[in-house]
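Chemist: Contents are compact mmCIF, C-alpha atoms; file name start_21.txt:
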# COMPACT_ATOMS: atom_id res chain seq x y z
CA MET A 1 0.00 0.00 0.00
CA GLY A 2 2.96 2.30 0.47
CA LEU A 3 3.34 5.72 2.08
CA LYS A 4 0.93 8.62 1.83
CA LEU A 5 1.63 12.16 2.99
CA ASN A 6 -1.20 14.67 3.26
CA ASP A 7 -0.44 18.38 3.84
CA ILE A 8 2.62 17.67 5.99
CA ARG A 9 3.98 20.69 7.83
CA LYS A 10 6.91 20.79 10.22
CA SER A 11 8.21 23.71 12.26
CA PHE A 12 10.88 24.13 14.90
CA GLY A 13 11.53 26.63 17.67
CA THR A 14 9.85 29.73 19.08
CA PRO A 15 8.86 31.69 17.11
CA PRO A 16 8.34 28.72 14.80
CA VAL A 17 10.52 28.29 11.72
CA ASN A 18 8.55 26.47 9.01
CA VAL A 19 10.75 23.78 7.47
CA LEU A 20 8.11 21.73 5.62
CA LYS A 21 5.23 23.63 4.06
CA GLY A 22 2.23 21.51 3.10
CA ILE A 23 3.77 18.49 1.39
CA SER A 24 1.51 15.84 -0.14
CA PHE A 25 2.43 12.81 -2.26
CA GLU A 26 2.35 9.01 -2.31
CA ILE A 27 5.13 6.45 -2.60
CA LYS A 28 3.98 3.07 -3.86
CA ASP A 29 5.34 -0.30 -2.82
CA GLY A 30 8.63 -1.17 -4.53
CA GLU A 31 9.58 2.35 -5.62
CA PHE A 32 13.12 3.73 -5.42
CA VAL A 33 12.81 7.44 -4.64
CA ALA A 34 15.55 10.04 -4.27
CA LEU A 35 14.81 13.19 -2.27
CA THR A 36 16.97 16.04 -3.55
CA GLY A 37 17.43 19.75 -2.95
CA ARG A 38 19.90 22.28 -1.67
CA SER A 39 21.11 22.29 1.93
CA GLY A 40 18.28 23.59 4.08
CA SER A 41 15.55 22.64 1.61
CA GLY A 42 13.96 20.24 4.12
CA LYS A 43 14.85 16.90 2.55
CA SER A 44 16.31 15.27 5.68
CA THR A 45 13.45 16.60 7.80
CA LEU A 46 11.03 15.10 5.30
CA LEU A 47 12.81 11.73 5.45
CA TYR A 48 12.50 11.69 9.24
CA VAL A 49 8.78 12.46 8.99
CA LEU A 50 8.28 9.83 6.28
CA SER A 51 9.97 7.21 8.43
CA SER A 52 7.94 8.22 11.51
CA LEU A 53 11.12 9.02 13.45
CA ASP A 54 9.88 12.59 13.86
CA PRO A 55 6.16 13.50 13.94
CA PRO A 56 4.85 16.31 11.74
CA THR A 57 3.58 19.52 13.30
CA SER A 58 0.40 19.02 11.29
CA GLY A 59 -0.89 16.85 8.46
CA SER A 60 -1.00 13.07 8.28
CA LEU A 61 1.29 10.19 7.40
CA LYS A 62 -0.18 6.83 6.46
CA VAL A 63 2.01 3.74 6.08
CA ASP A 64 0.24 0.72 4.58
CA GLY A 65 -3.05 2.42 5.39
CA ARG A 66 -2.23 3.01 9.06
CA GLU A 67 -2.20 6.51 10.55
CA MET A 68 1.20 6.76 12.22
CA GLU A 69 0.07 9.57 14.53
CA SER A 70 -2.65 7.36 16.00
CA LEU A 71 -0.29 4.58 17.12
CA ALA A 72 0.85 4.33 20.72
CA PRO A 73 4.62 4.90 21.13
CA SER A 74 5.24 1.21 21.85
CA ASP A 75 3.24 0.13 18.78
CA LEU A 76 5.02 2.70 16.61
CA HIS A 77 8.42 1.46 17.80
CA GLN A 78 7.43 -2.14 17.07
CA PHE A 79 6.13 -1.18 13.61
CA ARG A 80 9.40 0.55 12.75
CA ASN A 81 11.50 -2.33 14.05
CA LEU A 82 9.59 -4.88 11.96
CA HIS A 83 8.99 -2.95 8.75
CA MET A 84 11.64 -0.22 8.42
CA GLY A 85 15.41 -0.13 8.04
CA PHE A 86 17.57 2.97 8.43
CA VAL A 87 20.93 4.00 6.98
CA PHE A 88 22.51 7.33 7.87
CA GLN A 89 25.53 9.31 6.72
CA PHE A 90 27.29 8.15 9.89
CA HIS A 91 27.17 4.40 10.44
CA TYR A 92 26.24 4.41 14.18
CA LEU A 93 27.85 1.02 14.75
CA LEU A 94 28.59 0.16 18.38
CA PRO A 95 32.39 0.38 18.72
CA GLU A 96 32.73 -2.39 21.32
CA LEU A 97 30.90 -5.01 19.24
CA THR A 98 32.21 -6.94 16.25
CA CYS A 99 30.72 -6.22 12.85
CA LEU A 100 28.69 -9.44 12.95
CA GLU A 101 27.37 -8.58 16.41
CA ASN A 102 26.41 -5.11 15.16
CA ILE A 103 24.46 -6.58 12.26
CA LEU A 104 22.61 -8.88 14.65
CA MET A 105 21.55 -6.02 16.96
CA PRO A 106 18.00 -5.72 15.53
CA ALA A 107 17.53 -9.48 16.05
CA ARG A 108 18.59 -9.23 19.69
CA LYS A 109 15.57 -7.06 20.40
CA THR A 110 13.31 -10.00 19.55
CA GLY A 111 15.58 -12.79 20.75
CA ARG A 112 16.28 -14.04 17.22
CA GLN A 113 20.05 -13.49 17.02
CA VAL A 114 20.88 -17.21 16.85
CA GLU A 115 18.14 -17.89 14.31
CA LEU A 116 19.28 -15.03 12.04
CA GLN A 117 23.04 -15.49 12.23
CA LYS A 118 23.12 -17.35 8.90
CA ASP A 119 21.15 -14.51 7.30
CA ALA A 120 23.60 -11.98 8.72
CA LEU A 121 26.56 -13.87 7.32
CA LYS A 122 24.87 -14.13 3.93
CA LEU A 123 24.36 -10.36 3.88
CA MET A 124 28.03 -9.91 4.71
CA ARG A 125 28.98 -12.17 1.80
CA ASP A 126 26.62 -10.38 -0.55
CA PHE A 127 28.07 -7.00 0.46
CA GLU A 128 31.68 -8.23 0.40
CA VAL A 129 32.36 -7.64 4.11
CA GLU A 130 32.40 -11.20 5.46
CA HIS A 131 36.14 -10.87 6.06
CA VAL A 132 35.50 -8.23 8.78
CA LYS A 133 32.87 -10.19 10.72
CA ASP A 134 35.09 -10.58 13.81
CA LYS A 135 36.60 -7.09 13.68
CA VAL A 136 35.32 -4.04 15.57
CA PRO A 137 34.23 -1.02 13.47
CA GLY A 138 37.34 0.99 14.36
CA LYS A 139 39.53 -1.54 12.57
CA ILE A 140 37.83 -1.39 9.15
CA SER A 141 37.44 1.19 6.37
CA GLY A 142 34.63 3.75 6.09
CA GLY A 143 33.13 1.97 3.10
CA GLU A 144 33.15 -1.33 4.96
CA ARG A 145 31.49 0.28 7.98
CA GLN A 146 28.71 1.67 5.81
CA ARG A 147 28.08 -1.70 4.17
CA VAL A 148 27.95 -3.33 7.61
CA ALA A 149 25.42 -0.66 8.63
CA ILE A 150 23.30 -1.43 5.56
CA ALA A 151 23.42 -5.16 6.36
CA ARG A 152 22.18 -4.34 9.86
CA ALA A 153 19.33 -2.28 8.40
CA LEU A 154 18.30 -5.13 6.08
CA LEU A 155 18.62 -8.07 8.50
CA LEU A 156 14.92 -8.24 9.36
CA LYS A 157 13.96 -7.86 5.68
CA PRO A 158 12.18 -4.51 6.11
CA LYS A 159 9.61 -3.42 3.58
CA TYR A 160 11.00 0.13 3.67
CA LEU A 161 14.62 1.29 3.64
CA PHE A 162 15.29 4.94 4.53
CA ALA A 163 18.73 6.37 3.78
CA ASP A 164 19.95 9.86 4.68
CA GLU A 165 23.01 10.84 2.57
CA PRO A 166 24.34 7.26 2.78
CA THR A 167 27.28 8.02 0.45
CA GLY A 168 28.10 11.43 1.92
CA ASN A 169 31.24 10.35 3.79
CA LEU A 170 32.47 7.83 1.22
CA ASP A 171 34.89 7.92 -1.69
CA SER A 172 33.47 7.28 -5.16
CA ALA A 173 34.34 3.56 -5.20
CA SER A 174 32.65 2.93 -1.84
CA GLY A 175 29.69 5.09 -2.82
CA GLU A 176 29.24 3.03 -5.96
CA LYS A 177 29.13 -0.18 -3.90
CA VAL A 178 26.46 1.31 -1.66
CA MET A 179 24.35 2.37 -4.63
CA LYS A 180 24.58 -1.09 -6.18
CA ILE A 181 23.35 -2.60 -2.90
CA PHE A 182 20.34 -0.26 -2.91
CA GLU A 183 19.56 -1.08 -6.53
CA GLN A 184 19.88 -4.79 -5.81
CA VAL A 185 17.54 -4.87 -2.80
CA ASN A 186 15.02 -2.71 -4.65
CA ARG A 187 15.08 -4.89 -7.76
CA LYS A 188 15.47 -8.33 -6.18
CA HIS A 189 13.45 -8.00 -2.98
CA LYS A 190 11.09 -5.17 -4.02
CA THR A 191 12.19 -3.17 -0.99
CA THR A 192 10.89 0.39 -1.13
CA VAL A 193 13.99 2.62 -0.98
CA ILE A 194 13.77 6.30 -0.03
CA MET A 195 17.11 8.08 -0.16
CA VAL A 196 18.19 11.64 0.56
CA THR A 197 21.16 12.66 -1.58
CA HIS A 198 22.84 15.79 -2.88
CA ASP A 199 24.63 13.80 -5.61
CA MET A 200 22.60 14.10 -8.80
CA GLY A 201 24.41 11.17 -10.41
CA TYR A 202 23.15 8.90 -7.63
CA ALA A 203 19.73 10.59 -7.59
CA ASN A 204 19.26 9.83 -11.28
CA ARG A 205 19.74 6.13 -10.58
CA ALA A 206 16.58 6.11 -8.49
CA LYS A 207 13.37 5.46 -10.41
CA ARG A 208 11.80 8.70 -9.18
CA ARG A 209 13.13 12.04 -7.97
CA ILE A 210 11.31 14.42 -5.68
CA GLY A 211 13.02 17.81 -5.48
CA LEU A 212 12.48 20.16 -2.56
CA LYS A 213 12.96 23.91 -2.46
CA ASP A 214 12.35 26.00 0.65
CA GLY A 215 10.31 23.26 2.30
CA ALA A 216 7.97 22.57 -0.62
CA VAL A 217 7.98 20.13 -3.53
CA GLU A 218 9.61 21.81 -6.53
CA PHE A 219 9.27 18.79 -8.85
CA ASP A 220 8.28 15.12 -8.79
CA ARG A 221 9.29 13.09 -11.82
CA LYS A 222 10.73 9.89 -13.15
CA SER A 223 14.53 9.96 -13.39
CA LYS A 224 15.80 10.62 -16.91
CA ASP A 225 18.15 7.63 -16.75
CA ARG A 226 15.23 5.23 -16.20
Would it be possible to restate this file's structure as structure tokens?

Modeler:
Amino acid sequence: MGLKLNDIRKSFGTPPVNVLKGISFEIKDGEFVALTGRSGSGKSTLLYVLSSLDPPTSGSLKVDGREMESLAPSDLHQFRNLHMGFVFQFHYLLPELTCLENILMPARKTGRQVELQKDALKLMRDFEVEHVKDKVPGKISGGERQRVAIARALLLKPKYLFADEPTGNLDSASGEKVMKIFEQVNRKHKTTVIMVTHDMGYANRAKRRIGLKDGAVEFDRKSKDR
């Protein structure tokens, strides 16, 4: 059923600064969408609202037909844990755990870490990081850390993957590996991917681009390379 935004507005501070100004659109199941725009345009704020990590000031967000604002905090947390994966510009891996243990963190919340260890190792093989499974994050490269973080986000096979500038701290070779992973999970597993990026080359590889300007949608179109 996908995601549906209706007149989403978001403001911060006193007096309020309006960051999102009446945004409405739908994202269907299996889409790969890039959110683009200049710094300060509201794209990261929009991603956080779309993923229910931050509630809107007004307007509504429906995910698979469910009003996110109507869910109790515990139900909302459970919904995110089961159906959503998150990748950020910084990897947020726990420094004292091995890479394999970091990937298994979402499974620990539900007591499934033993059951899902084979899945975690398969993700590491698929993303070419199996060789770092017993290393801590401080002992591997930035590109390897980001791929470990993506494996963690995908362990529970989420329907939605949200990524905020996932290639922002990477060199071009590592960024290319990350993009190929996103394209693969979108194509092979029909995972809905929603990615914030300032890199237009990467944005054009998404199936759809939504451009923001001053907190409003400037354009919404299919990518020219698709």

Chemist: Tell me, as a PyMOL selection string, which residues lie within 7 Å of stretch 160-168 of chain A, counting only C-alpha atoms; anything in the same chain fewer than 2 positions away does not count.

Modeler: chain A and resi 44+51+83-89+158+170+175+191-197

Chemist: Keeping only C-alpha atoms, write the selected residues to a file as a PDB file, keeping the file's coordinate frame.

Modeler:
ATOM      1  CA  SER A  44      16.310  15.270   5.680  1.00  0.00           C
ATOM      2  CA  SER A  51       9.970   7.210   8.430  1.00  0.00           C
ATOM      3  CA  HIS A  83       8.990  -2.950   8.750  1.00  0.00           C
ATOM      4  CA  MET A  84      11.640  -0.220   8.420  1.00  0.00           C
ATOM      5  CA  GLY A  85      15.410  -0.130   8.040  1.00  0.00           C
ATOM      6  CA  PHE A  86      17.570   2.970   8.430  1.00  0.00           C
ATOM      7  CA  VAL A  87      20.930   4.000   6.980  1.00  0.00           C
ATOM      8  CA  PHE A  88      22.510   7.330   7.870  1.00  0.00           C
ATOM      9  CA  GLN A  89      25.530   9.310   6.720  1.00  0.00           C
ATOM     10  CA  PRO A 158      12.180  -4.510   6.110  1.00  0.00           C
ATOM     11  CA  LEU A 170      32.470   7.830   1.220  1.00  0.00           C
ATOM     12  CA  GLY A 175      29.690   5.090  -2.820  1.00  0.00           C
ATOM     13  CA  THR A 191      12.190  -3.170  -0.990  1.00  0.00           C
ATOM     14  CA  THR A 192      10.890   0.390  -1.130  1.00  0.00           C
ATOM     15  CA  VAL A 193      13.990   2.620  -0.980  1.00  0.00           C
ATOM     16  CA  ILE A 194      13.770   6.300  -0.030  1.00  0.00           C
ATOM     17  CA  MET A 195      17.110   8.080  -0.160  1.00  0.00           C
ATOM     18  CA  VAL A 196      18.190  11.640   0.560  1.00  0.00           C
ATOM     19  CA  THR A 197      21.160  12.660  -1.580  1.00  0.00           C
TER      20      THR A 197
END

Chemist: At a cut-off of 10 Å, using all atoms listed in the file, what residues contact A:Pro137? Leave out same-chain residues fewer than 5 positions from it and give the result as a list in words.

Modeler: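 Surrounding residues, per the criterion: His91, Tyr92, Leu93, Leu94, Pro95, Glu96, Leu97, Thr98, Cys99, Asn102, Val132, Gly142, Glu144, Arg145, Gln146 and Val148 of chain A.
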
Chemist: When you draw a straight line from atom CA of A:Gly42 to atom CA of A:Ile210, how long is it in Å?

Modeler: 11.7 Å

Chemist: Counting only C-alpha atoms, select every polymer residue within 12 Å of (13.3, 19.8, -1.0) as defined in the file's coordinates, and provide the selection as a PyMOL selection string.

Modeler: chain A and resi 19-23+34-47+196-198+209-220

Chemist: Go ahead and write the selection's residues with C-alpha atoms as a PDB file, keeping the file's coordinate frame.

Modeler:
ATOM      1  CA  VAL A  19      10.750  23.780   7.470  1.00  0.00           C
ATOM      2  CA  LEU A  20       8.110  21.730   5.620  1.00  0.00           C
ATOM      3  CA  LYS A  21       5.230  23.630   4.060  1.00  0.00           C
ATOM      4  CA  GLY A  22       2.230  21.510   3.100  1.00  0.00           C
ATOM      5  CA  ILE A  23       3.770  18.490   1.390  1.00  0.00           C
ATOM      6  CA  ALA A  34      15.550  10.040  -4.270  1.00  0.00           C
ATOM      7  CA  LEU A  35      14.810  13.190  -2.270  1.00  0.00           C
ATOM      8  CA  THR A  36      16.970  16.040  -3.550  1.00  0.00           C
ATOM      9  CA  GLY A  37      17.430  19.750  -2.950  1.00  0.00           C
ATOM     10  CA  ARG A  38      19.900  22.280  -1.670  1.00  0.00           C
ATOM     11  CA  SER A  39      21.110  22.290   1.930  1.00  0.00           C
ATOM     12  CA  GLY A  40      18.280  23.590   4.080  1.00  0.00           C
ATOM     13  CA  SER A  41      15.550  22.640   1.610  1.00  0.00           C
ATOM     14  CA  GLY A  42      13.960  20.240   4.120  1.00  0.00           C
ATOM     15  CA  LYS A  43      14.850  16.900   2.550  1.00  0.00           C
ATOM     16  CA  SER A  44      16.310  15.270   5.680  1.00  0.00           C
ATOM     17  CA  THR A  45      13.450  16.600   7.800  1.00  0.00           C
ATOM     18  CA  LEU A  46      11.030  15.100   5.300  1.00  0.00           C
ATOM     19  CA  LEU A  47      12.810  11.730   5.450  1.00  0.00           C
ATOM     20  CA  VAL A 196      18.190  11.640   0.560  1.00  0.00           C
ATOM     21  CA  THR A 197      21.160  12.660  -1.580  1.00  0.00           C
ATOM     22  CA  HIS A 198      22.840  15.790  -2.880  1.00  0.00           C
ATOM     23  CA  ARG A 209      13.130  12.040  -7.970  1.00  0.00           C
ATOM     24  CA  ILE A 210      11.310  14.420  -5.680  1.00  0.00           C
ATOM     25  CA  GLY A 211      13.020  17.810  -5.480  1.00  0.00           C
ATOM     26  CA  LEU A 212      12.480  20.160  -2.560  1.00  0.00           C
ATOM     27  CA  LYS A 213      12.960  23.910  -2.460  1.00  0.00           C
ATOM     28  CA  ASP A 214      12.350  26.000   0.650  1.00  0.00           C
ATOM     29  CA  GLY A 215      10.310  23.260   2.300  1.00  0.00           C
ATOM     30  CA  ALA A 216       7.970  22.570  -0.620  1.00  0.00           C
ATOM     31  CA  VAL A 217       7.980  20.130  -3.530  1.00  0.00           C
ATOM     32  CA  GLU A 218       9.610  21.810  -6.530  1.00  0.00           C
ATOM     33  CA  PHE A 219       9.270  18.790  -8.850  1.00  0.00           C
ATOM     34  CA  ASP A 220       8.280  15.120  -8.790  1.00  0.00           C
TER      35      ASP A 220
END

Chemist: Just the number, please: distance in Å from atom CA of A:Pro106 to atom CA of A:Phe90, one decimal.

Modeler: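 According to the coordinates, atom CA of A:Pro106 and atom CA of A:Phe90 are separated by 17.6 Å.
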
Chemist: Pick out the residues sitting within 12 Å of A:Val185, and hand them over as a list in words; count only C-alpha atoms, and ignore anything fewer than 6 positions along from it in its own chain.

Modeler: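 Surrounding residues, per the criterion: Gly30, Glu31, Phe32, Leu123, Asp126, Phe127, Ile150, Ala151, Ala153, Leu154, Leu155, Lys157, Pro158, Lys159, Tyr160, Leu161, Val178, Met179, Thr191, Thr192 and Val193 of chain A.
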
Chemist: What does the distance between atom CA of A:Lys10 and atom CA of A:Phe79 come to in Å, to one decimal place?

Modeler: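 Computing it gives 22.2 Å between the two atoms.
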
Chemist: Calculated over all atoms listed in the file, which of the candidates A:Ser174, A:Asn169, A:Ser24, A:Gln78 has the smallest distance to A:Ser60?

Modeler: A:Ser24

Chemist: Specify the axis-aligned box that encloses all atoms of stretch 25-44 of chain A listed in the file after padding of 6 Å on each side, stating its centre and edge lengths in Å to one decimal as lines of an AutoDock Vina configuration file.

Modeler:
center_x = 11.7
center_y = 11.2
center_z = 0.0
size_x = 30.8
size_y = 36.8
size_z = 23.3

Chemist: Given only C-alpha atoms as the basis, pick out the residue of A:Leu100, A:Leu76, A:Ile140, A:Leu61 nearest to A:Lys122.

Modeler: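 Ranking A:Leu100, A:Leu76, A:Ile140, A:Leu61 by distance to A:Lys122, first place goes to A:Leu100.
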
Chemist: Quick one: of A:Lys177, A:Asp75, A:Val33, A:Thr110, who's nearest to A:Ala203, counting only C-alpha atoms?

Modeler: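 Among the listed residues, the smallest separation from A:Ala203 belongs to A:Val33.
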
Chemist: Pull N, CA and C atoms for stretch 85-113 of chain A from the block and write them as an mmCIF file, in the first residue's frame.

Modeler:
data_model
loop_
_atom_site.group_PDB
_atom_site.id
_atom_site.type_symbol
_atom_site.label_atom_id
_atom_site.label_comp_id
_atom_site.auth_asym_id
_atom_site.auth_seq_id
_atom_site.Cartn_x
_atom_site.Cartn_y
_atom_site.Cartn_z
ATOM 1 N N GLY A 85 13.974 -0.114 7.810
ATOM 2 C CA GLY A 85 15.409 -0.125 8.037
ATOM 3 C C GLY A 85 15.946 1.270 7.789
ATOM 4 N N PHE A 86 17.033 1.610 8.490
ATOM 5 C CA PHE A 86 17.567 2.972 8.428
ATOM 6 C C PHE A 86 19.076 2.960 8.188
ATOM 7 N N VAL A 87 19.513 3.817 7.261
ATOM 8 C CA VAL A 87 20.935 3.998 6.981
ATOM 9 C C VAL A 87 21.204 5.503 6.983
ATOM 10 N N PHE A 88 22.213 5.906 7.744
ATOM 11 C CA PHE A 88 22.512 7.325 7.869
ATOM 12 C C PHE A 88 23.903 7.627 7.302
ATOM 13 N N GLN A 89 24.220 8.917 7.234
ATOM 14 C CA GLN A 89 25.527 9.314 6.716
ATOM 15 C C GLN A 89 26.629 8.770 7.625
ATOM 16 N N PHE A 90 26.377 8.775 8.938
ATOM 17 C CA PHE A 90 27.286 8.150 9.887
ATOM 18 C C PHE A 90 26.747 6.767 10.212
ATOM 19 N N HIS A 91 27.616 5.791 10.360
ATOM 20 C CA HIS A 91 27.168 4.397 10.443
ATOM 21 C C HIS A 91 26.488 4.027 11.758
ATOM 22 N N TYR A 92 26.817 4.696 12.864
ATOM 23 C CA TYR A 92 26.241 4.411 14.184
ATOM 24 C C TYR A 92 26.408 2.951 14.608
ATOM 25 N N LEU A 93 27.537 2.354 14.253
ATOM 26 C CA LEU A 93 27.846 1.017 14.752
ATOM 27 C C LEU A 93 28.386 1.140 16.176
ATOM 28 N N LEU A 94 28.094 0.140 17.005
ATOM 29 C CA LEU A 94 28.591 0.157 18.375
ATOM 30 C C LEU A 94 30.066 -0.249 18.379
ATOM 31 N N PRO A 95 30.947 0.607 18.885
ATOM 32 C CA PRO A 95 32.392 0.382 18.725
ATOM 33 C C PRO A 95 32.920 -0.838 19.469
ATOM 34 N N GLU A 96 32.228 -1.265 20.527
ATOM 35 C CA GLU A 96 32.733 -2.389 21.322
ATOM 36 C C GLU A 96 32.292 -3.743 20.791
ATOM 37 N N LEU A 97 31.395 -3.760 19.812
ATOM 38 C CA LEU A 97 30.902 -5.007 19.243
ATOM 39 C C LEU A 97 31.589 -5.305 17.920
ATOM 40 N N THR A 98 31.694 -6.582 17.567
ATOM 41 C CA THR A 98 32.210 -6.942 16.252
ATOM 42 C C THR A 98 31.195 -6.554 15.183
ATOM 43 N N CYS A 99 31.626 -6.576 13.947
ATOM 44 C CA CYS A 99 30.720 -6.221 12.851
ATOM 45 C C CYS A 99 29.536 -7.186 12.786
ATOM 46 N N LEU A 100 29.788 -8.474 12.960
ATOM 47 C CA LEU A 100 28.693 -9.440 12.954
ATOM 48 C C LEU A 100 27.727 -9.168 14.102
ATOM 49 N N GLU A 101 28.239 -8.879 15.271
ATOM 50 C CA GLU A 101 27.371 -8.580 16.415
ATOM 51 C C GLU A 101 26.555 -7.316 16.165
ATOM 52 N N ASN A 102 27.148 -6.327 15.500
ATOM 53 C CA ASN A 102 26.409 -5.109 15.161
ATOM 54 C C ASN A 102 25.259 -5.411 14.219
ATOM 55 N N ILE A 103 25.517 -6.236 13.217
ATOM 56 C CA ILE A 103 24.460 -6.579 12.260
ATOM 57 C C ILE A 103 23.311 -7.302 12.962
ATOM 58 N N LEU A 104 23.631 -8.093 13.951
ATOM 59 C CA LEU A 104 22.611 -8.880 14.654
ATOM 60 C C LEU A 104 21.855 -8.078 15.719
ATOM 61 N N MET A 105 22.207 -6.815 15.925
ATOM 62 C CA MET A 105 21.550 -6.018 16.961
ATOM 63 C C MET A 105 20.031 -5.964 16.821
ATOM 64 N N PRO A 106 19.461 -5.741 15.620
ATOM 65 C CA PRO A 106 17.997 -5.725 15.526
ATOM 66 C C PRO A 106 17.361 -7.051 15.942
ATOM 67 N N ALA A 107 18.061 -8.167 15.683
ATOM 68 C CA ALA A 107 17.531 -9.481 16.046
ATOM 69 C C ALA A 107 17.555 -9.702 17.556
ATOM 70 N N ARG A 108 18.503 -9.069 18.243
ATOM 71 C CA ARG A 108 18.595 -9.230 19.690
ATOM 72 C C ARG A 108 17.361 -8.679 20.389
ATOM 73 N N LYS A 109 16.758 -7.649 19.794
ATOM 74 C CA LYS A 109 15.567 -7.055 20.404
ATOM 75 C C LYS A 109 14.410 -8.038 20.485
ATOM 76 N N THR A 110 14.398 -9.016 19.570
ATOM 77 C CA THR A 110 13.310 -9.998 19.545
ATOM 78 C C THR A 110 13.800 -11.399 19.883
ATOM 79 N N GLY A 111 15.043 -11.492 20.352
ATOM 80 C CA GLY A 111 15.579 -12.791 20.754
ATOM 81 C C GLY A 111 15.834 -13.745 19.604
ATOM 82 N N ARG A 112 16.119 -13.205 18.409
ATOM 83 C CA ARG A 112 16.284 -14.036 17.215
ATOM 84 C C ARG A 112 17.716 -14.038 16.700
ATOM 85 N N GLN A 113 18.685 -13.635 17.534
ATOM 86 C CA GLN A 113 20.046 -13.488 17.025
ATOM 87 C C GLN A 113 20.660 -14.809 16.582
#
